[in-house]
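Student: If you scroll down you'll find the structure; I have some questions about it.
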Amino acid sequence: MVQIHTFSSKKSDQTWSLFFFFAVILRDMNILSIETSCDETAVSIVKADGQFPDASYEVLGDALHSQVDLHAEYGGVFPMLAKREHAKKLIPMLTKALTEADLLHEEESVLTQAQVEMLHELLIHESESGMIEELITFFQTYEKPDVELIAVTSGPGLEPALWVGVNFAKALSEVWNIHVVPVNHMEGHVLATIFDVEEDNKLAQVSFPAVSLLISGGHTELLRMDDWKTYDKIGQTKDDAIGEAFDKVARMMGLPYPGGPEISRLAKLARAANLPPFAELPRPMLHSKDLDFSFSGLKTAVRYAIDGKELGETDMEALARDFEDAATEVLIKKTKDALDESGAQTLIIGGGVSANQHIRNCFHSELLESHPDVEIYFPNPGLSTDNSVMIALSGHARTDRAANPAAAKLIKADGNRNIADQ
Ligand code: KG4
Ligand code: ZN
């Protein structure tokens, strides 16, 4: 027998708020998290058991669609293309994550006229993608899943891409009557790094103050953390982010996007063959008195080094190694300075570039010599680059900021959201 269910937000508002309150008190909740800040469309279901930062987390469902192939021909992420692709992939990712979590159950449901109008209004910029119709069908087919909180990246990132995720979160919140918490993507990277270090599904028990080095496609920043959820920006790039430099240098060398893994692969070959240097590259701002970085000069130096030359295979490998060495040296020097200035005994390195094996090896070996008492954390494989598990972790940390569906309507995407302004 088909059971018909009507989604009604008004009637259950109070009961539901009470339920949310108890879920928070009991500290056991399923979090649906959404990440669309750049070129990964990701949705996860994470069960949080306990109170942040001592909770344990079980990843019940995790779905990620990478758009790299789409952007590869442009040599970088094209924001409007990323936005369209997120709109196409969010519902399939949601379906996959909920199915994996065994939380997707068919039950014919009826949306009210007001709800349908609300969806059209909320997702008006996605109308071309067919997302609205697809979402209406989704709501009509499945019952509300056992989820207590929605966490969505609201910044920093590419604003058109962020808006798709934020509006999608609002739509789910309205129809299912679930609170929404807007998450800072960079805090997600910090928490991803210290998640499941002991394979215990928990956050590591770090000691403060800590220094966090965030290295990604859009950011290169040093943060001082005096406690959980507090960030003081003590250094940052003055121009290109390190990941951007990896990507741009790779592009100049005719390598595909994203450039980081490609450069890293070639550099490894050069080291194994002990190739002589191809170019003398600068270490920008190595001796500046502050904790800031600059990578645009390094990128330009690579351009001059290859200008008018036909690069052979070993030239490419040697150049990749020269670039990786220069970038790594600056990162390590500035991070050591930050540790000295802050007296921190904990170093948390996160963001896509933290996947780089050479950078990992150098940090471990060099700090073992100079700062043997510092505990260094790198993310587990799979959690270095963008993902939605990290958004669930940050969402859980920020449960106190969760907005009910009416208040969630006011959540805005902010491409420049600063982790220090939390
Ligand atoms: O954190 P992320 O996935 O997205 C942003 O928030 O930006 O970082 C993406 C960046 C890209 O620039 C990519 O080239 C770089 O991380 N990346 C790497 C490696 N894997 C990814 N860079 C160097 N070595 C790698 N193995
Ligand atoms: Zn990122």
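Scheme for the structure tokens: letters A, B, ... for chains in order shown; per-chain residue numbers from 1; ligand numbers from 1 in order shown.
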Could you pull the residues within 8 Å of Lys412 in chain A, counting only C-alpha atoms, minus those fewer than 2 positions along the same chain, as a list of chain:residue names?
Tutor: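 Using only C-alpha atoms, the neighbours found are A:Ser154, A:Trp163, A:Val166, A:Leu410, A:Asp414.
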Student: Which residues are near Ala272 in chain A? Cut-off 12 Å, only C-alpha atoms, ignore same chain within fewer than 3 positions. Put them as a list in words.
Tutor: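 Here the qualifying residues turn out to be Arg265, Leu266, Ala267, Lys268, Leu269, Leu275, Pro276, Thr314, Glu317, Ala318 and Arg321 of chain A.
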Student: Taking C-alpha atoms for each residue, export the selection above as a PDB file, in the first residue's frame.
Tutor:
ATOM      1  CA  ARG A 265      54.750  13.101  -9.770  1.00  0.00           C
ATOM      2  CA  LEU A 266      57.455  14.556 -12.037  1.00  0.00           C
ATOM      3  CA  ALA A 267      59.469  15.922  -9.103  1.00  0.00           C
ATOM      4  CA  LYS A 268      59.577  12.456  -7.595  1.00  0.00           C
ATOM      5  CA  LEU A 269      61.116  11.065 -10.794  1.00  0.00           C
ATOM      6  CA  LEU A 275      68.809  15.004 -11.909  1.00  0.00           C
ATOM      7  CA  PRO A 276      70.850  18.210 -11.843  1.00  0.00           C
ATOM      8  CA  THR A 314      64.078  15.182 -17.889  1.00  0.00           C
ATOM      9  CA  GLU A 317      61.067  16.503 -14.204  1.00  0.00           C
ATOM     10  CA  ALA A 318      63.984  18.621 -12.974  1.00  0.00           C
ATOM     11  CA  ARG A 321      61.471  19.280  -8.592  1.00  0.00           C
TER      12      ARG A 321
END
Student: Can you tell me, as a PDB file with C-alpha atoms, in the first residue's frame, what residues are no more than 12 Å from Thr300 in chain A when counting only C-alpha atoms, ignoring any on the same chain fewer than 2 positions away?
Tutor:
ATOM      1  CA  ASP A 240      48.992  33.771  -5.406  1.00  0.00           C
ATOM      2  CA  ALA A 245      51.143  28.519  -8.110  1.00  0.00           C
ATOM      3  CA  LYS A 248      49.794  27.835 -12.969  1.00  0.00           C
ATOM      4  CA  VAL A 249      53.313  26.437 -13.222  1.00  0.00           C
ATOM      5  CA  MET A 252      52.949  26.738 -18.290  1.00  0.00           C
ATOM      6  CA  LEU A 281      64.512  29.499  -8.588  1.00  0.00           C
ATOM      7  CA  PRO A 282      63.980  32.187  -5.940  1.00  0.00           C
ATOM      8  CA  PRO A 284      60.328  34.674  -2.203  1.00  0.00           C
ATOM      9  CA  SER A 294      54.488  35.373  -1.977  1.00  0.00           C
ATOM     10  CA  PHE A 295      54.372  32.862  -4.805  1.00  0.00           C
ATOM     11  CA  SER A 296      53.778  35.009  -7.850  1.00  0.00           C
ATOM     12  CA  GLY A 297      57.509  35.785  -8.259  1.00  0.00           C
ATOM     13  CA  LEU A 298      58.329  32.104  -8.106  1.00  0.00           C
ATOM     14  CA  VAL A 302      59.561  29.518 -13.868  1.00  0.00           C
ATOM     15  CA  ARG A 303      58.106  31.344 -16.858  1.00  0.00           C
ATOM     16  CA  TYR A 304      61.463  33.016 -17.585  1.00  0.00           C
ATOM     17  CA  ALA A 305      63.308  29.735 -17.083  1.00  0.00           C
ATOM     18  CA  ILE A 306      61.277  27.979 -19.768  1.00  0.00           C
ATOM     19  CA  ASP A 307      60.791  30.941 -22.102  1.00  0.00           C
ATOM     20  CA  PHE A 323      59.746  24.395  -8.145  1.00  0.00           C
TER      21      PHE A 323
END
Student: Kindly indicate which residue among A:Trp176, A:Phe378, A:Phe52, A:Phe246 lies nearest to ligand 1, using only C-alpha atoms and all ligand atoms for the distances.
Tutor: A:Phe246
Student: Find the residues near Ser394 in chain A: any atom within 6 Å, counting only C-alpha atoms, skip ones fewer than 3 places away on the same chain, and give them as a list of chain:residue names.
Tutor: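 Listed by chain and then number, they are A:Gly188, A:Ile391, A:Ala397.
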Student: Please write out the residues within 8 Å of ligand 2 as a list in words, counting only C-alpha atoms and all ligand atoms.
Tutor: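 I would give the residues around ligand 2 as Ser37, Cys38, His185, Met186, His189, Ser216, Gly217, Gly218, Gly351, Gly352, Thr385, Asp386 and Asn387 of chain A.
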Student: In Å, rounded to a single decimal, give me how far CA of Ile215 in chain A is from CA of Gln67 in chain A.
Tutor: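 Going from CA of Gln67 in chain A over to CA of Ile215 in chain A, I get 20.2 Å.
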Student: Give me the residues of range 325-405 of chain A that have any atom at most 12 Å from an atom of range 137-148 of chain A; for each, the nearest atom pair and the distance in Å, rounded to one decimal. Use only C-alpha atoms, sort by chain and number, and format it as a Markdown table.
Tutor:
| residue | atom | partner | partner_atom | distance |
| --- | --- | --- | --- | --- |
| A:Ala392 | CA | A:Glu148 | CA | 11.8 |
| A:Gly395 | CA | A:Glu148 | CA | 11.5 |
| A:His396 | CA | A:Glu148 | CA | 10.8 |
| A:Thr399 | CA | A:Glu148 | CA | 10.6 |
| A:Ala402 | CA | A:Glu148 | CA | 10.6 |
| A:Ala403 | CA | A:Glu148 | CA | 12.0 |
| A:Asn404 | CA | A:Glu148 | CA | 11.1 |
Student: Write down as a ChimeraX atom specification the residues belonging to range 104-315 of chain A that are assigned strand (DSSP E or B) by DSSP computed on the backbone.
Tutor: /A:106,109-110,142,149-155,179-184,195,202-203,210-215,220-225,232-237,293
Student: Residues near Gly75 in chain A, anyone? I mean within 12 Å using only C-alpha atoms, not counting same-chain ones fewer than 2 positions away, as a PyMOL selection string.
Tutor: chain A and resi 68-73+77-78+244+246-259
Student: Save out the residues we just selected, N, CA and C atoms, as a PDB file, in the first residue's frame.
Tutor:
ATOM      1  N   VAL A  68      37.064  17.868 -12.085  1.00  0.00           N
ATOM      2  CA  VAL A  68      38.367  18.187 -12.701  1.00  0.00           C
ATOM      3  C   VAL A  68      38.383  17.977 -14.211  1.00  0.00           C
ATOM      4  N   ASP A  69      37.770  16.925 -14.683  1.00  0.00           N
ATOM      5  CA  ASP A  69      37.808  16.662 -16.125  1.00  0.00           C
ATOM      6  C   ASP A  69      37.167  17.812 -16.904  1.00  0.00           C
ATOM      7  N   LEU A  70      36.106  18.337 -16.330  1.00  0.00           N
ATOM      8  CA  LEU A  70      35.373  19.435 -16.966  1.00  0.00           C
ATOM      9  C   LEU A  70      36.243  20.687 -17.065  1.00  0.00           C
ATOM     10  N   HIS A  71      36.997  20.963 -15.981  1.00  0.00           N
ATOM     11  CA  HIS A  71      37.789  22.194 -15.937  1.00  0.00           C
ATOM     12  C   HIS A  71      39.160  22.031 -16.580  1.00  0.00           C
ATOM     13  N   ALA A  72      39.575  20.774 -16.773  1.00  0.00           N
ATOM     14  CA  ALA A  72      40.931  20.512 -17.269  1.00  0.00           C
ATOM     15  C   ALA A  72      41.218  21.277 -18.561  1.00  0.00           C
ATOM     16  N   GLU A  73      40.231  21.339 -19.468  1.00  0.00           N
ATOM     17  CA  GLU A  73      40.520  21.985 -20.752  1.00  0.00           C
ATOM     18  C   GLU A  73      40.683  23.496 -20.634  1.00  0.00           C
ATOM     19  N   VAL A  77      39.653  26.382 -12.692  1.00  0.00           N
ATOM     20  CA  VAL A  77      38.206  26.276 -12.459  1.00  0.00           C
ATOM     21  C   VAL A  77      37.488  27.503 -13.020  1.00  0.00           C
ATOM     22  N   PHE A  78      36.493  27.246 -13.813  1.00  0.00           N
ATOM     23  CA  PHE A  78      35.699  28.282 -14.446  1.00  0.00           C
ATOM     24  C   PHE A  78      34.403  28.416 -13.631  1.00  0.00           C
ATOM     25  N   GLU A 244      47.530  27.522  -6.259  1.00  0.00           N
ATOM     26  CA  GLU A 244      47.371  28.272  -7.505  1.00  0.00           C
ATOM     27  C   GLU A 244      48.717  28.298  -8.249  1.00  0.00           C
ATOM     28  N   PHE A 246      51.166  26.079  -7.986  1.00  0.00           N
ATOM     29  CA  PHE A 246      51.357  24.721  -8.534  1.00  0.00           C
ATOM     30  C   PHE A 246      50.560  24.589  -9.839  1.00  0.00           C
ATOM     31  N   ASP A 247      49.317  25.036  -9.805  1.00  0.00           N
ATOM     32  CA  ASP A 247      48.446  24.874 -10.981  1.00  0.00           C
ATOM     33  C   ASP A 247      48.932  25.714 -12.165  1.00  0.00           C
ATOM     34  N   LYS A 248      49.367  26.952 -11.871  1.00  0.00           N
ATOM     35  CA  LYS A 248      49.794  27.835 -12.969  1.00  0.00           C
ATOM     36  C   LYS A 248      51.117  27.367 -13.571  1.00  0.00           C
ATOM     37  N   VAL A 249      52.032  26.937 -12.722  1.00  0.00           N
ATOM     38  CA  VAL A 249      53.313  26.437 -13.222  1.00  0.00           C
ATOM     39  C   VAL A 249      53.066  25.187 -14.077  1.00  0.00           C
ATOM     40  N   ALA A 250      52.199  24.315 -13.606  1.00  0.00           N
ATOM     41  CA  ALA A 250      51.882  23.105 -14.366  1.00  0.00           C
ATOM     42  C   ALA A 250      51.327  23.477 -15.744  1.00  0.00           C
ATOM     43  N   ARG A 251      50.477  24.485 -15.744  1.00  0.00           N
ATOM     44  CA  ARG A 251      49.861  24.909 -17.012  1.00  0.00           C
ATOM     45  C   ARG A 251      50.919  25.426 -17.981  1.00  0.00           C
ATOM     46  N   MET A 252      51.858  26.220 -17.436  1.00  0.00           N
ATOM     47  CA  MET A 252      52.949  26.738 -18.290  1.00  0.00           C
ATOM     48  C   MET A 252      53.762  25.597 -18.880  1.00  0.00           C
ATOM     49  N   MET A 253      53.864  24.518 -18.122  1.00  0.00           N
ATOM     50  CA  MET A 253      54.658  23.376 -18.578  1.00  0.00           C
ATOM     51  C   MET A 253      53.838  22.441 -19.456  1.00  0.00           C
ATOM     52  N   GLY A 254      52.589  22.795 -19.701  1.00  0.00           N
ATOM     53  CA  GLY A 254      51.728  21.979 -20.556  1.00  0.00           C
ATOM     54  C   GLY A 254      51.154  20.766 -19.844  1.00  0.00           C
ATOM     55  N   LEU A 255      51.121  20.827 -18.494  1.00  0.00           N
ATOM     56  CA  LEU A 255      50.577  19.694 -17.720  1.00  0.00           C
ATOM     57  C   LEU A 255      49.103  19.940 -17.433  1.00  0.00           C
ATOM     58  N   PRO A 256      48.326  18.873 -17.255  1.00  0.00           N
ATOM     59  CA  PRO A 256      46.884  19.067 -17.030  1.00  0.00           C
ATOM     60  C   PRO A 256      46.553  19.629 -15.635  1.00  0.00           C
ATOM     61  N   TYR A 257      45.335  20.151 -15.516  1.00  0.00           N
ATOM     62  CA  TYR A 257      44.798  20.638 -14.248  1.00  0.00           C
ATOM     63  C   TYR A 257      44.207  19.459 -13.471  1.00  0.00           C
ATOM     64  N   PRO A 258      44.302  19.359 -12.151  1.00  0.00           N
ATOM     65  CA  PRO A 258      45.042  20.241 -11.252  1.00  0.00           C
ATOM     66  C   PRO A 258      46.536  19.924 -11.281  1.00  0.00           C
ATOM     67  N   GLY A 259      47.333  20.983 -11.228  1.00  0.00           N
ATOM     68  CA  GLY A 259      48.765  20.833 -11.445  1.00  0.00           C
ATOM     69  C   GLY A 259      49.528  20.210 -10.297  1.00  0.00           C
TER      70      GLY A 259
END
Student: Enumerate, in order of chain and increasing residue number, the residues of range 138-245 of chain A with an atom no farther than 8 Å from range 418-421 of chain A, each with its shortest atom pair and distance in Å to one decimal, counting only C-alpha atoms, as a tab-separated table.
Tutor:
residue	atom	partner	partner_atom	distance
A:Pro156	CA	A:Asn418	CA	7.0
A:Asn184	CA	A:Ile419	CA	6.6
A:Met186	CA	A:Ile419	CA	6.5
A:Glu187	CA	A:Ile419	CA	6.8
A:Thr230	CA	A:Ala420	CA	7.4
A:Tyr231	CA	A:Ala420	CA	5.0
A:Asp232	CA	A:Ala420	CA	5.5
A:Lys233	CA	A:Ala420	CA	6.1
Student: May I have the selected residues written with N, CA and C atoms, as a compact mmCIF listing (two decimals), in the first residue's frame?
Tutor:
# COMPACT_ATOMS: atom_id res chain seq x y z
N PRO A 156 35.03 30.44 2.54
CA PRO A 156 35.31 31.15 1.30
C PRO A 156 35.27 30.19 0.11
N ASN A 184 32.50 27.55 7.67
CA ASN A 184 33.68 28.11 7.01
C ASN A 184 34.54 26.95 6.48
N MET A 186 37.54 26.74 5.51
CA MET A 186 38.91 26.61 6.02
C MET A 186 38.91 25.95 7.40
N GLU A 187 37.89 26.22 8.20
CA GLU A 187 37.80 25.51 9.48
C GLU A 187 37.59 24.02 9.21
N THR A 230 39.11 29.11 17.64
CA THR A 230 39.60 30.49 17.62
C THR A 230 40.82 30.56 16.70
N TYR A 231 40.81 31.52 15.82
CA TYR A 231 41.86 31.61 14.80
C TYR A 231 42.35 33.05 14.69
N ASP A 232 43.65 33.19 14.81
CA ASP A 232 44.27 34.50 14.65
C ASP A 232 45.18 34.39 13.43
N LYS A 233 44.91 35.18 12.41
CA LYS A 233 45.73 35.05 11.19
C LYS A 233 47.07 35.75 11.41
Student: In Å to one decimal, how far is CA of Gly165 in chain A from atom 5 (C, counted along the ligand's line) of ligand 1?
Tutor: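 These two atoms are separated by 15.6 Å.
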Student: Using only C-alpha atoms, determine which residues lie at most 12 Å from Val211 in chain A, disregarding the query and same-chain residues fewer than 5 positions distant; provide the list as an NGL selection string.
Tutor: :A and (190 or 206 or 221-228 or 230-235 or 291 or 334-350 or 374-377)
Student: Which residues are near Lys333 in chain A? Cut-off 12 Å, only C-alpha atoms, ignore same chain within fewer than 6 positions. Put them as a PyMOL selection string.
Tutor: chain A and resi 213+222+283-293+326-327+339-340+362-363+366-367+370-371
Student: Write the selection just made, keeping N, CA and C atoms, as a tab-separated table (two decimals), in the first residue's frame?
Tutor:
chain	number	residue	atom	x	y	z
A	213	LEU	N	48.75	25.64	9.41
A	213	LEU	CA	49.19	26.10	8.09
A	213	LEU	C	48.19	25.56	7.07
A	222	LEU	N	48.84	31.19	7.73
A	222	LEU	CA	49.28	30.66	9.02
A	222	LEU	C	48.34	31.21	10.08
A	283	ARG	N	63.41	31.99	-3.60
A	283	ARG	CA	62.59	31.62	-2.42
A	283	ARG	C	61.97	32.92	-1.93
A	284	PRO	N	60.85	33.34	-2.52
A	284	PRO	CA	60.33	34.67	-2.20
A	284	PRO	C	59.99	34.85	-0.73
A	285	MET	N	60.40	35.99	-0.20
A	285	MET	CA	60.11	36.42	1.18
A	285	MET	C	60.69	35.50	2.24
A	286	LEU	N	61.68	34.72	1.85
A	286	LEU	CA	62.24	33.75	2.82
A	286	LEU	C	62.77	34.47	4.05
A	287	HIS	N	63.38	35.61	3.85
A	287	HIS	CA	63.99	36.30	4.99
A	287	HIS	C	63.24	37.55	5.42
A	288	SER	N	62.01	37.69	4.95
A	288	SER	CA	61.22	38.84	5.41
A	288	SER	C	60.93	38.63	6.89
A	289	LYS	N	60.74	39.70	7.61
A	289	LYS	CA	60.60	39.58	9.08
A	289	LYS	C	59.20	39.13	9.49
A	290	ASP	N	58.28	39.11	8.52
A	290	ASP	CA	56.91	38.73	8.87
A	290	ASP	C	56.66	37.26	8.52
A	291	LEU	N	55.41	36.84	8.68
A	291	LEU	CA	55.06	35.44	8.39
A	291	LEU	C	54.27	35.33	7.08
A	292	ASP	N	54.43	36.34	6.23
A	292	ASP	CA	53.70	36.33	4.96
A	292	ASP	C	54.46	35.58	3.87
A	293	PHE	N	53.72	35.24	2.83
A	293	PHE	CA	54.27	34.49	1.70
A	293	PHE	C	54.05	35.27	0.41
A	326	ALA	N	61.59	24.81	-4.00
A	326	ALA	CA	61.54	26.23	-3.62
A	326	ALA	C	60.30	26.51	-2.77
A	327	ALA	N	59.14	26.00	-3.23
A	327	ALA	CA	57.89	26.24	-2.51
A	327	ALA	C	57.94	25.62	-1.11
A	339	LEU	N	56.03	28.89	14.68
A	339	LEU	CA	56.11	28.04	15.88
A	339	LEU	C	56.97	28.74	16.94
A	340	ASP	N	58.07	29.33	16.51
A	340	ASP	CA	58.95	30.02	17.46
A	340	ASP	C	58.24	31.21	18.10
A	362	CYS	N	59.32	16.50	4.10
A	362	CYS	CA	60.25	17.56	4.52
A	362	CYS	C	59.83	18.15	5.87
A	363	PHE	N	58.53	18.37	6.05
A	363	PHE	CA	58.08	18.90	7.35
A	363	PHE	C	58.48	17.93	8.47
A	366	GLU	N	62.52	17.82	8.76
A	366	GLU	CA	63.16	19.07	9.21
A	366	GLU	C	62.72	19.50	10.60
A	367	LEU	N	61.44	19.30	10.89
A	367	LEU	CA	60.99	19.71	12.22
A	367	LEU	C	61.45	18.74	13.31
A	370	SER	N	64.66	20.52	14.13
A	370	SER	CA	64.61	21.86	14.74
A	370	SER	C	63.57	21.99	15.86
A	371	HIS	N	62.46	21.25	15.75
A	371	HIS	CA	61.36	21.37	16.72
A	371	HIS	C	60.88	19.98	17.12
Student: I'd like to know which of A:Ile132, A:Ala241, A:Ala279, A:Met29 is closest to Gly50 in chain A, using only C-alpha atoms.
Tutor: A:Met29
